[in-house]
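For reference, structure30.tsv (TSV, C-alpha atoms):
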chain	number	residue	atom	x	y	z
A	12	MET	CA	91.88	10.64	73.50
A	13	LYS	CA	92.85	11.40	69.90
A	14	GLU	CA	95.75	13.75	69.29
A	15	ASN	CA	94.89	17.22	68.10
A	16	THR	CA	97.36	17.19	65.19
A	17	LEU	CA	97.01	17.14	61.43
A	18	SER	CA	97.25	13.66	59.97
A	19	PRO	CA	99.52	12.64	57.06
A	20	THR	CA	97.89	13.45	53.74
A	21	THR	CA	99.07	13.58	50.18
A	22	GLY	CA	102.07	15.64	51.25
A	23	VAL	CA	100.62	18.93	50.00
A	24	MET	CA	99.64	21.69	52.40
A	25	PRO	CA	96.03	22.89	52.28
A	26	PHE	CA	95.16	25.96	50.24
A	27	ASP	CA	94.85	29.26	52.08
A	28	CYS	CA	91.08	29.17	51.50
A	29	VAL	CA	90.81	26.36	54.04
A	30	GLU	CA	91.53	26.72	57.75
A	31	SER	CA	92.14	24.21	60.51
A	32	ILE	CA	89.39	24.30	63.13
A	33	PRO	CA	90.33	22.67	66.45
A	34	VAL	CA	87.99	20.18	68.08
A	35	PRO	CA	89.09	19.68	71.70
A	36	GLY	CA	90.57	16.25	72.30
A	37	HIS	CA	90.23	15.21	68.66
A	38	GLU	CA	91.70	15.77	65.23
A	39	PRO	CA	90.86	19.22	63.81
A	40	SER	CA	88.55	19.84	60.89
A	41	LEU	CA	89.67	21.56	57.70
A	42	LEU	CA	86.97	24.06	56.74
A	43	PRO	CA	86.62	26.74	54.05
A	44	ALA	CA	88.06	29.96	55.44
A	45	GLY	CA	86.24	33.25	55.76
A	46	ARG	CA	83.00	31.77	57.08
A	47	ASN	CA	81.70	31.60	60.64
A	48	PHE	CA	81.05	27.89	61.07
A	49	GLN	CA	79.54	26.17	64.08
A	50	LEU	CA	79.31	22.44	64.71
A	51	VAL	CA	75.71	21.19	64.58
A	52	TRP	CA	76.17	17.39	64.56
A	53	SER	CA	79.04	14.94	64.89
A	54	ASP	CA	80.13	11.49	65.90
A	55	GLU	CA	83.72	11.07	67.08
A	56	PHE	CA	83.16	7.32	67.61
A	57	ASP	CA	84.47	7.44	71.17
A	58	GLY	CA	83.66	4.62	73.56
A	59	ASP	CA	83.11	0.98	72.67
A	60	GLU	CA	79.53	0.90	71.33
A	61	LEU	CA	78.00	2.51	68.26
A	62	ASP	CA	75.58	5.30	69.19
A	63	ARG	CA	72.25	4.03	67.86
A	64	THR	CA	70.58	7.37	68.59
A	65	LYS	CA	72.74	8.74	65.75
A	66	TRP	CA	72.97	5.83	63.33
A	67	ALA	CA	70.73	3.24	61.74
A	68	PHE	CA	71.87	0.36	59.56
A	69	ARG	CA	70.85	0.39	55.93
A	70	THR	CA	69.90	-3.15	54.96
A	71	CYS	CA	67.33	-2.56	52.18
A	72	MET	CA	67.56	-0.80	48.85
A	73	MET	CA	64.78	-0.07	46.39
A	74	GLN	CA	62.23	-2.10	48.41
A	75	LYS	CA	64.38	-5.24	48.65
A	76	ARG	CA	66.66	-6.70	51.29
A	77	HIS	CA	70.09	-6.20	49.78
A	78	PRO	CA	72.21	-9.38	50.07
A	79	ALA	CA	75.48	-7.45	50.44
A	80	TRP	CA	74.56	-5.73	53.72
A	81	THR	CA	74.47	-6.74	57.36
A	82	ASP	CA	73.97	-4.94	60.66
A	83	LYS	CA	76.93	-6.72	62.27
A	84	ALA	CA	80.01	-5.45	60.40
A	85	VAL	CA	80.67	-2.16	62.26
A	86	ARG	CA	82.27	-1.86	65.68
A	87	LEU	CA	84.13	0.77	67.69
A	88	ASP	CA	87.76	0.02	68.51
A	89	GLY	CA	87.91	2.03	71.77
A	90	LYS	CA	90.46	4.36	70.16
A	91	GLY	CA	87.97	6.73	68.56
A	92	ASN	CA	87.35	4.89	65.29
A	93	ALA	CA	84.41	3.10	63.71
A	94	VAL	CA	85.75	-0.11	62.18
A	95	PHE	CA	84.00	-1.52	59.10
A	96	ASP	CA	84.98	-5.02	58.01
A	97	ILE	CA	83.75	-7.95	55.92
A	98	ARG	CA	81.86	-10.75	57.63
A	99	ILE	CA	81.00	-14.17	56.25
A	100	GLU	CA	77.30	-14.88	56.80
A	101	ASP	CA	75.68	-18.02	55.37
A	102	GLY	CA	78.79	-18.50	53.25
A	103	ARG	CA	78.58	-14.99	51.76
A	104	PRO	CA	80.87	-12.00	52.38
A	105	VAL	CA	78.85	-9.01	53.61
A	106	SER	CA	79.54	-5.57	55.11
A	107	SER	CA	77.63	-2.64	56.61
A	108	GLN	CA	76.16	0.74	55.74
A	109	LEU	CA	75.33	3.39	58.33
A	110	GLN	CA	72.80	6.16	57.79
A	111	THR	CA	71.19	8.95	59.78
A	112	GLY	CA	68.00	8.97	57.73
A	113	PHE	CA	65.88	6.89	55.38
A	114	ASN	CA	64.98	7.11	51.71
A	115	PHE	CA	61.26	6.53	51.17
A	116	MET	CA	61.88	4.03	48.33
A	117	ASP	CA	64.11	1.64	50.28
A	118	GLU	CA	61.69	-0.03	52.70
A	119	PRO	CA	60.00	-3.20	51.35
A	120	VAL	CA	56.26	-2.95	50.76
A	121	ALA	CA	54.01	-4.76	53.24
A	122	GLU	CA	50.57	-5.98	52.19
A	123	THR	CA	47.97	-3.34	52.98
A	124	THR	CA	44.53	-2.19	51.94
A	125	PHE	CA	43.22	1.32	51.40
A	126	TRP	CA	40.12	1.51	53.62
A	127	ASN	CA	38.01	-1.38	52.33
A	128	ASP	CA	39.60	-1.41	48.90
A	129	HIS	CA	42.18	-4.03	48.06
A	130	LEU	CA	44.68	-1.59	46.64
A	131	GLN	CA	48.40	-1.60	47.25
A	132	TRP	CA	50.37	1.62	47.47
A	133	PRO	CA	53.95	0.81	46.35
A	134	ILE	CA	55.54	2.51	49.38
A	135	GLY	CA	56.89	0.81	52.47
A	136	LYS	CA	56.69	2.06	56.03
A	137	LEU	CA	58.20	5.51	56.52
A	138	HIS	CA	60.70	6.28	59.30
A	139	ALA	CA	61.61	9.56	60.95
A	140	PRO	CA	65.24	10.61	60.37
A	141	LEU	CA	67.76	10.52	63.21
A	142	PHE	CA	69.54	13.52	61.69
A	143	GLU	CA	69.16	15.56	58.55
A	144	HIS	CA	70.25	19.09	57.74
A	145	ARG	CA	70.22	21.69	55.00
A	146	PHE	CA	73.39	23.41	53.72
A	147	GLY	CA	76.70	23.69	55.61
A	148	TYR	CA	80.02	21.85	55.51
A	149	TRP	CA	79.94	18.04	55.77
A	150	GLU	CA	83.20	16.27	56.56
A	151	CYS	CA	84.52	12.75	57.20
A	152	ARG	CA	88.01	11.71	58.23
A	153	CYS	CA	88.74	8.11	57.33
A	154	ARG	CA	91.36	5.57	56.28
A	155	LEU	CA	90.42	3.69	53.13
A	156	GLN	CA	90.21	-0.06	52.78
A	157	GLN	CA	93.50	-1.84	52.03
A	158	LYS	CA	92.38	-4.81	49.90
A	159	PRO	CA	90.32	-5.21	46.72
A	160	GLY	CA	86.92	-6.86	46.76
A	161	TRP	CA	84.86	-4.16	48.45
A	162	TRP	CA	84.33	-0.41	48.37
A	163	SER	CA	83.70	2.49	50.72
A	164	ALA	CA	81.80	5.78	50.54
A	165	PHE	CA	80.84	8.94	52.42
A	166	TRP	CA	77.71	10.52	50.99
A	167	MET	CA	74.42	12.31	51.55
A	168	GLN	CA	70.90	11.64	50.33
A	169	SER	CA	67.44	13.14	50.42
A	170	SER	CA	64.63	11.07	51.89
A	171	THR	CA	62.46	12.06	48.91
A	172	ILE	CA	64.86	12.06	45.94
A	173	GLY	CA	62.94	10.99	42.86
A	174	ALA	CA	59.55	12.21	44.10
A	175	SER	CA	59.78	15.11	41.62
A	176	LEU	CA	62.02	16.39	38.85
A	177	ASP	CA	63.00	19.46	40.88
A	178	PRO	CA	66.07	18.94	43.12
A	179	ALA	CA	65.21	22.09	45.04
A	180	ARG	CA	61.93	20.49	46.15
A	181	THR	CA	62.89	16.85	46.63
A	182	GLY	CA	66.67	16.82	46.98
A	183	VAL	CA	69.69	15.07	45.55
A	184	GLU	CA	72.35	12.48	46.28
A	185	ILE	CA	75.85	13.87	46.93
A	186	ASP	CA	78.74	11.41	46.74
A	187	VAL	CA	81.55	13.14	48.61
A	188	MET	CA	83.91	10.14	48.56
A	189	GLU	CA	83.77	6.78	46.81
A	190	SER	CA	86.68	4.37	46.63
A	191	PHE	CA	86.10	1.23	44.56
A	192	SER	CA	89.67	-0.06	44.84
A	193	PRO	CA	92.40	0.54	47.42
A	194	GLY	CA	93.54	4.16	47.40
A	195	ALA	CA	91.58	5.09	44.27
A	196	VAL	CA	89.06	7.90	44.71
A	197	VAL	CA	86.58	8.40	41.87
A	198	PRO	CA	84.94	11.73	40.91
A	199	HIS	CA	82.43	13.33	43.27
A	200	ASN	CA	78.83	12.99	42.10
A	201	VAL	CA	75.60	14.94	42.38
A	202	PHE	CA	72.63	12.81	41.33
A	203	HIS	CA	69.24	14.41	40.73
A	204	GLY	CA	65.93	13.34	39.19
A	205	GLY	CA	65.74	10.15	41.23
A	206	TYR	CA	67.01	6.70	40.27
A	207	GLY	CA	64.72	5.78	37.39
A	208	GLN	CA	64.37	7.00	33.83
A	209	ASP	CA	64.95	10.61	34.90
A	210	ILE	CA	68.29	10.09	36.66
A	211	HIS	CA	70.98	12.66	35.93
A	212	ARG	CA	74.53	12.97	37.24
A	213	GLU	CA	77.06	15.77	37.47
A	214	LYS	CA	80.62	14.70	38.31
A	215	VAL	CA	83.78	16.65	39.15
A	216	GLY	CA	87.27	16.06	40.53
A	217	GLY	CA	88.46	12.78	41.95
A	218	ASN	CA	90.39	10.28	39.83
A	219	MET	CA	93.35	10.29	42.20
A	220	ALA	CA	95.36	7.78	44.20
A	221	LEU	CA	95.71	8.31	47.95
A	222	ASP	CA	97.94	6.73	50.57
A	223	THR	CA	95.93	3.85	52.05
A	224	SER	CA	98.01	3.86	55.24
A	225	ALA	CA	96.98	7.42	56.12
A	226	PHE	CA	93.73	9.06	57.20
A	227	HIS	CA	92.21	11.56	54.78
A	228	ARG	CA	89.56	14.26	55.09
A	229	PHE	CA	86.72	14.41	52.57
A	230	GLY	CA	84.27	17.29	52.67
A	231	VAL	CA	81.65	19.23	50.75
A	232	LEU	CA	80.48	22.80	51.17
A	233	TRP	CA	76.78	22.93	50.23
A	234	ASP	CA	75.19	26.36	50.01
A	235	ASP	CA	72.65	28.16	47.84
A	236	LYS	CA	75.25	28.48	45.06
A	237	GLY	CA	76.03	24.76	44.74
A	238	TYR	CA	78.47	22.16	45.99
A	239	THR	CA	82.24	22.57	46.47
A	240	PHE	CA	84.25	19.41	47.20
A	241	PHE	CA	87.47	19.10	49.20
A	242	ILE	CA	90.07	16.37	49.76
A	243	ASP	CA	92.60	16.93	52.54
A	244	GLY	CA	91.93	20.64	52.57
A	245	ARG	CA	92.26	21.11	48.82
A	246	GLU	CA	89.34	22.16	46.66
A	247	ASP	CA	88.56	19.37	44.20
A	248	GLY	CA	85.75	20.63	42.00
A	249	ARG	CA	82.41	22.44	42.05
A	250	VAL	CA	78.88	21.77	40.84
A	251	GLU	CA	77.04	25.06	40.57
A	252	GLU	CA	73.54	23.84	39.70
A	253	HIS	CA	70.81	21.44	40.86
A	254	VAL	CA	70.91	22.84	44.39
A	255	SER	CA	68.85	20.97	46.95
A	256	ARG	CA	66.88	23.20	49.27
A	257	VAL	CA	65.61	20.37	51.42
A	258	PRO	CA	67.56	18.57	54.17
A	259	LEU	CA	69.79	15.60	53.45
A	260	PHE	CA	71.01	12.81	55.73
A	261	VAL	CA	74.45	11.22	56.15
A	262	LEU	CA	75.62	7.81	54.97
A	263	VAL	CA	78.94	6.09	55.64
A	264	SER	CA	78.98	2.85	53.78
A	265	THR	CA	80.83	-0.17	52.51
A	266	GLU	CA	79.75	-2.87	50.09
A	267	VAL	CA	81.20	-6.10	48.78
A	268	THR	CA	81.82	-5.93	45.04
A	269	GLY	CA	79.80	-8.17	42.74
A	270	TYR	CA	76.28	-8.20	44.19
A	271	ARG	CA	75.20	-5.55	41.68
A	272	HIS	CA	76.61	-7.44	38.70
A	273	ALA	CA	74.41	-9.52	36.40
A	274	ASP	CA	75.06	-12.76	38.33
A	275	HIS	CA	74.62	-11.05	41.76
A	276	LYS	CA	77.61	-12.94	43.16
A	277	PRO	CA	80.43	-11.54	45.34
A	278	VAL	CA	83.85	-11.40	43.73
A	279	PRO	CA	86.50	-13.87	44.98
A	280	GLU	CA	88.67	-10.99	46.27
A	281	ALA	CA	86.02	-10.25	48.90
A	282	PHE	CA	86.62	-13.61	50.56
A	283	SER	CA	90.36	-12.91	50.59
A	284	ALA	CA	89.82	-9.45	52.11
A	285	ALA	CA	87.62	-10.97	54.81
A	286	GLU	CA	90.22	-13.63	55.60
A	287	ALA	CA	92.94	-10.97	55.80
A	288	GLY	CA	90.85	-8.91	58.24
A	289	ASP	CA	90.78	-5.83	56.02
A	290	THR	CA	89.08	-2.74	57.48
A	291	PHE	CA	87.74	0.70	56.56
A	292	LEU	CA	88.28	3.08	59.49
A	293	VAL	CA	86.27	6.23	60.21
A	294	ASP	CA	87.69	8.71	62.72
A	295	TYR	CA	84.81	11.17	62.68
A	296	VAL	CA	81.84	12.56	60.78
A	297	ARG	CA	80.95	16.24	61.35
A	298	VAL	CA	78.39	18.67	60.01
A	299	PHE	CA	78.94	22.41	60.37
A	300	ASP	CA	76.53	25.24	59.70
A	301	GLU	CA	77.24	28.90	59.10
A	302	ALA	CA	76.29	30.99	62.11
A	303	ARG	CA	73.53	33.46	61.28
Please lay out the structure from this file as structure tokens.
Amino acid sequence: MKENTLSPTTGVMPFDCVESIPVPGHEPSLLPAGRNFQLVWSDEFDGDELDRTKWAFRTCMMQKRHPAWTDKAVRLDGKGNAVFDIRIEDGRPVSSQLQTGFNFMDEPVAETTFWNDHLQWPIGKLHAPLFEHRFGYWECRCRLQQKPGWWSAFWMQSSTIGASLDPARTGVEIDVMESFSPGAVVPHNVFHGGYGQDIHREKVGGNMALDTSAFHRFGVLWDDKGYTFFIDGREDGRVEEHVSRVPLFVLVSTEVTGYRHADHKPVPEAFSAAEAGDTFLVDYVRVFDEAR
């Protein structure tokens, strides 16, 4: 059972606009005050096996099997944490991404025909989401990776982002936390317009160094006015436009650095991090809604 106490953070107490919400037997959540929140979905990562009714592995991106990802680099430690690490498969360092839904552009296209016509729709098989939700407060408590060579993220995505130019109709990507080097957190992002020629990004906050030995809370309040980001109970920027009015799903992910570079090769530091047994730990993921 996890202690119901606040974890070490940056050493600064949360603003008064955020309140500590107890979760019996587990670490509390830090939520924006003055709102009547209720928990609608969570994973505390108790037990010793990942709950596959809540999570799927992301192994494909943009209709291709991504060489950086595996479905074997996440485990539960029996102490209430999901443990992400780097595995060596076929001589390559790889890691895992978890998701509760599916983007329609990720699945590879299988050969098909349209009735008797030999036409090929450029869309792979569609999958029903395990969990998606609209609005609310989305929060992850995690301890960042300790070594260079890979990166971690907590984010949300629409299953249909890019299907139109209107984020209200087809959604956005919200990057609540991304850390590309140990302790370094980059600005929060809101992507809209898809991932092609119409991609647009709004970024706020971030650009700070956090203690890699401590757990930190990363959250976003998404409502009809926009997106407000929080780190350890402190507001860290707002985006007050491009509001999605369709549900999004959760992703908690890691990736070895280098596979997206021009040579598509992992960086040497990834092998060193794998040998050292470096990990990214996730205590919980929770989604709260405002009671109506």
Between A:Ser53, A:Ser192, A:Gln110, A:Ser31, which is the closest to Thr70 in chain A once you count all atoms listed in the file?
-> A:Gln110
Do a neighbour search on Lys65 in chain A at 12 Å with only C-alpha atoms, toss out local chain neighbours closer than 5 positions, and write the hits as a list in words.
-> Trp52, Ser53, Asp54, Glu55, Phe56, Glu60, Leu109, Gln110, Thr111, Gly112, Pro140, Leu141, Phe142, Glu143, Phe260, Val261, Leu262, Val296 and Arg297 of chain A
Computed interatomic separation between CA of Ile242 in chain A and CA of Gly230 in chain A (Å) =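 Separating CA of Ile242 in chain A from CA of Gly230 in chain A is a distance of 6.6 Å.
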Nearest to Asn200 in chain A, chosen from A:Tyr148, A:Trp162, A:Phe240, A:Phe291, with all atoms listed in the file counted in the distances |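 Comparing A:Tyr148, A:Trp162, A:Phe240, A:Phe291 against Asn200 in chain A, the winner is A:Phe240.
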Any idea what's packed within 8 Å of Gly217 in chain A, counting all atoms listed in the file, ignoring anything in its chain fewer than 5 positions away? Could you give it as a PyMOL selection string?
-> chain A and resi 196-199+247
Computed gap from CA of Phe165 in chain A to CA of Gln208 in chain A is 24.9 Å
Nearest to Val51 in chain A by atom-to-atom distance, counting all atoms listed in the file, from A:Ala79, A:Ala302, A:Val183, A:Met219 | A:Ala302
Residues near Gln131 in chain A, cut-off 10 Å, all atoms listed in the file, skip fewer than 6 positions along chain, as a PyMOL selection string = chain A and resi 120-125
Using only C-alpha atoms, determine which residues lie at most 10 Å from Ser40 in chain A, disregarding the query and same-chain residues fewer than 3 positions distant; provide the list as JSON, numbers by chain.
-> {"A": [15, 17, 29, 30, 31, 32, 33, 34, 37, 43, 150, 151, 152, 228, 230, 243, 244, 295, 296, 297, 299]}
Could you tell me which of A:Phe202, A:Phe226, A:Phe113, A:Phe241 comes closest to Asn92 in chain A if we count only C-alpha atoms?
-> A:Phe226
Do you know which residues are at most 10 Å from Gly173 in chain A counting only C-alpha atoms, after dropping those on the same chain fewer than 2 positions away, and could you put them as a PDB file with C-alpha atoms, keeping the file's coordinate frame?
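See part.pdb below for the written result:
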ATOM      1  CA  ASN A 114      64.980   7.110  51.710  1.00  0.00           C
ATOM      2  CA  PHE A 115      61.260   6.530  51.170  1.00  0.00           C
ATOM      3  CA  MET A 116      61.880   4.030  48.330  1.00  0.00           C
ATOM      4  CA  SER A 169      67.440  13.140  50.420  1.00  0.00           C
ATOM      5  CA  SER A 170      64.630  11.070  51.890  1.00  0.00           C
ATOM      6  CA  THR A 171      62.460  12.060  48.910  1.00  0.00           C
ATOM      7  CA  SER A 175      59.780  15.110  41.620  1.00  0.00           C
ATOM      8  CA  LEU A 176      62.020  16.390  38.850  1.00  0.00           C
ATOM      9  CA  ASP A 177      63.000  19.460  40.880  1.00  0.00           C
ATOM     10  CA  PRO A 178      66.070  18.940  43.120  1.00  0.00           C
ATOM     11  CA  THR A 181      62.890  16.850  46.630  1.00  0.00           C
ATOM     12  CA  GLY A 182      66.670  16.820  46.980  1.00  0.00           C
ATOM     13  CA  VAL A 183      69.690  15.070  45.550  1.00  0.00           C
ATOM     14  CA  PHE A 202      72.630  12.810  41.330  1.00  0.00           C
ATOM     15  CA  HIS A 203      69.240  14.410  40.730  1.00  0.00           C
ATOM     16  CA  GLY A 204      65.930  13.340  39.190  1.00  0.00           C
ATOM     17  CA  GLY A 205      65.740  10.150  41.230  1.00  0.00           C
ATOM     18  CA  TYR A 206      67.010   6.700  40.270  1.00  0.00           C
ATOM     19  CA  GLY A 207      64.720   5.780  37.390  1.00  0.00           C
ATOM     20  CA  GLN A 208      64.370   7.000  33.830  1.00  0.00           C
ATOM     21  CA  ASP A 209      64.950  10.610  34.900  1.00  0.00           C
ATOM     22  CA  ILE A 210      68.290  10.090  36.660  1.00  0.00           C
TER      23      ILE A 210
END
CA of Gly147 in chain A and CA of Ala220 in chain A are how many Å apart?
->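 So the two atoms, CA of Gly147 in chain A and CA of Ala220 in chain A, lie 27.0 Å apart.
Minimum atom-to-atom distances from A:Pro35, A:Lys214, A:Gly194, A:Pro78 to Gly102 in chain A were compared using only C-alpha atoms, and the lowest value belongs to A:Pro78.
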Take the point (84.6, -4.8, 47.0) in the file's coordinates, draw a sphere of radius 6 Å around it, and report as a ChimeraX atom specification every protein, DNA or RNA residue with an atom inside or on it, counting all atoms listed in the file.
-> /A:159-162,267-268,281
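The smallest atom-to-atom distance between Ile134 in chain A and any of A:His275, A:Lys236, A:Arg63, A:Lys75, using only C-alpha atoms, is found for A:Lys75.
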